[in-house]
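Chemist: The structure under discussion is supplied below as structure tokens; questions concerning it will follow.
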Amino acid sequence: MSSVLQPASTGNEPSREPSSDPTPAGKYRPVSSHLAIAPPVSVVIPAMNEAENLPYVFKTLPDWVHEVVLVDGNSTDDTVEVARELWPDVKVVEQRGKGKGDALITGFEACTGDIIVMVDADGSADGQEIVSYVSALVSGADFAKGSRFANGGGTDDMTFIRKLGNRALCAVVNRKFGARYTDLCYGYNAFWRHCLDKIDLDCTGFEVETLMNIRVVKAGLKVQEIPSHEYLRIHGVSNLRAVRDGLRVLRVILDERSNRRALRSRTHAPTLASVGPVGPVGPAGPVVPAVPVRRKAS
């Protein structure tokens with residue numbers, strides 16, 4: 001990657017620039033008194049009736065992000081008004097379809113930043129962790145994947161059944177696709193915009209995170225896990241249903257496995273124009289497994 005971390009030119013507190021004025025090439029956006037980055041960062045927040053939670057979400061977002069894209073899923077409360085009051089430059093996009101996957105795809109299309117960060121609107125994610133995701137990306141990773149079970153991560157919002165299911169599904173993905181994930185069903189991730197061209201998202205539900213995790217591995221993208229702590233939802237009730245959504249995640253895994261086998265069969269199959277035996281053909285490119293990041297002891 002050509003983007004690197006650079007010392008900030010000033011010791012003053014960073015300020016948020018208008019989203020309509022991207023950082024010019026060669027200039028850096030202050031992250032702290034000793035750190036700055038060049039690539040603009042877009043934060044995508046899918047939300048439906050999250051007016052009570054948004055103050056907690058926006059409070060933790062760093063001032064140096066380039067833009068915040070709120071995808072409103074036809075909220076019946078004051079979600080949009082609250083977002084605009086909290087972050088005047090927020091870009092509000094109306095979701096025309098249904099489901100978290102549809103909302104994220106809509107938000108990604110509206111982003112103008114080089115780096116895209118996914119954050120839930122229920123207050124469970126700490127926006128101050130974004131600097132860790134961005135640091136991993138500008139240091140060479142293509143996809144920075146949040147993990148509640150990597151060393152330094154944690155969760156306050158998972159039942160024993162959900163933990164067990166997540167672990168089992170994660171093991172299946174690791175075995176079938178050659179990954180080394182410690183967490184599978186978590187929605188706090190960040191990636192370079194160019195990754196969207198290689199993973200071609202096409203699902204609408206909660207299983208979108210699993211689909212992303214599988215396809216970045218299949219595409220041979222460089223993945224780095226980021227330890228993250230998931231907090232309890234502050235207000236309201238989650239739409240997540242462990243059994244229903246677990247089955248949907250499993251269906252995605254099986255479908256992606258079947259697609260991989262079909263592609264491999266087509267790659268190895270001889271054509272009518274072939275003369276003599278056709279030797280084995282290797283995969284399109286190397287798959288780089290996800291490597292957990294271990295935080296140094298303080």
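All residue names refer to the structure tokens as shown: chains lettered A, B, ... in order, residues numbered from 1 in each chain, ligands numbered from 1 in order.
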With stretch 117-135 of chain A as the partner and 7 Å as the cut-off, tabulate the residues of stretch 147-241 of chain A that qualify, each row holding the nearest pair of atoms and their distance in Å to one decimal, using only C-alpha atoms, sorted by chain and rising number, as a Markdown table.

Modeler:
| residue | atom | partner | partner_atom | distance |
| --- | --- | --- | --- | --- |
| A:Gly187 | CA | A:Met118 | CA | 6.7 |
| A:Tyr188 | CA | A:Val119 | CA | 5.4 |
| A:Asn189 | CA | A:Met118 | CA | 5.4 |
| A:Ala190 | CA | A:Val117 | CA | 4.2 |
| A:Phe191 | CA | A:Val117 | CA | 6.7 |
| A:Ile226 | CA | A:Tyr133 | CA | 6.6 |
| A:Glu230 | CA | A:Ser124 | CA | 5.3 |
| A:Tyr231 | CA | A:Ser124 | CA | 4.3 |
| A:Leu232 | CA | A:Ser124 | CA | 5.4 |
| A:Arg233 | CA | A:Ser124 | CA | 5.3 |
| A:Ile234 | CA | A:Gly123 | CA | 5.9 |

Chemist: Keeping only N, CA and C atoms, write the selected residues to a file as an mmCIF file, in the first residue's frame.

Modeler:
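Output (again-v2.cif):
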data_model
loop_
_atom_site.group_PDB
_atom_site.id
_atom_site.type_symbol
_atom_site.label_atom_id
_atom_site.label_comp_id
_atom_site.auth_asym_id
_atom_site.auth_seq_id
_atom_site.Cartn_x
_atom_site.Cartn_y
_atom_site.Cartn_z
ATOM 1 N N GLY A 187 -19.914 -7.780 13.197
ATOM 2 C CA GLY A 187 -20.124 -6.770 12.178
ATOM 3 C C GLY A 187 -19.223 -5.559 12.229
ATOM 4 N N TYR A 188 -18.189 -5.578 13.054
ATOM 5 C CA TYR A 188 -17.267 -4.441 13.157
ATOM 6 C C TYR A 188 -16.033 -4.757 12.317
ATOM 7 N N ASN A 189 -15.982 -4.246 11.090
ATOM 8 C CA ASN A 189 -14.889 -4.533 10.170
ATOM 9 C C ASN A 189 -14.517 -3.264 9.411
ATOM 10 N N ALA A 190 -13.347 -3.288 8.761
ATOM 11 C CA ALA A 190 -12.914 -2.176 7.914
ATOM 12 C C ALA A 190 -12.125 -2.740 6.744
ATOM 13 N N PHE A 191 -12.142 -2.028 5.628
ATOM 14 C CA PHE A 191 -11.455 -2.536 4.439
ATOM 15 C C PHE A 191 -11.211 -1.412 3.449
ATOM 16 N N ILE A 226 -8.508 -7.800 14.308
ATOM 17 C CA ILE A 226 -8.336 -6.719 15.278
ATOM 18 C C ILE A 226 -9.122 -7.068 16.545
ATOM 19 N N GLU A 230 -17.149 -6.087 22.396
ATOM 20 C CA GLU A 230 -18.566 -5.855 22.104
ATOM 21 C C GLU A 230 -19.320 -5.605 23.409
ATOM 22 N N TYR A 231 -20.010 -4.460 23.478
ATOM 23 C CA TYR A 231 -20.768 -4.108 24.672
ATOM 24 C C TYR A 231 -22.240 -4.469 24.481
ATOM 25 N N LEU A 232 -22.989 -4.390 25.548
ATOM 26 C CA LEU A 232 -24.419 -4.669 25.475
ATOM 27 C C LEU A 232 -25.130 -3.584 24.671
ATOM 28 N N ARG A 233 -26.146 -3.986 23.929
ATOM 29 C CA ARG A 233 -27.032 -3.013 23.294
ATOM 30 C C ARG A 233 -27.584 -2.112 24.399
ATOM 31 N N ILE A 234 -27.605 -0.811 24.157
ATOM 32 C CA ILE A 234 -28.004 0.131 25.209
ATOM 33 C C ILE A 234 -29.522 0.234 25.328
#

Chemist: What does the structure give for the distance between atom CA of A:Ala144 and atom CA of A:Glu225, in Å to one decimal?

Modeler: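 Going from atom CA of A:Ala144 over to atom CA of A:Glu225 covers 5.8 Å.
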
Chemist: Find the distance between atom CA of A:Glu256 and atom CA of A:Lys100 and write it in Å to one decimal.

Modeler: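 Value for the atom CA of A:Glu256-atom CA of A:Lys100 distance: 19.3 Å.
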
Chemist: For A:Arg175, which residue out of A:Ile253, A:Gly153, A:Pro55, A:Ala103 is the nearest one, using only C-alpha atoms?

Modeler: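 Among the listed residues, A:Ile253 lies closest to A:Arg175.
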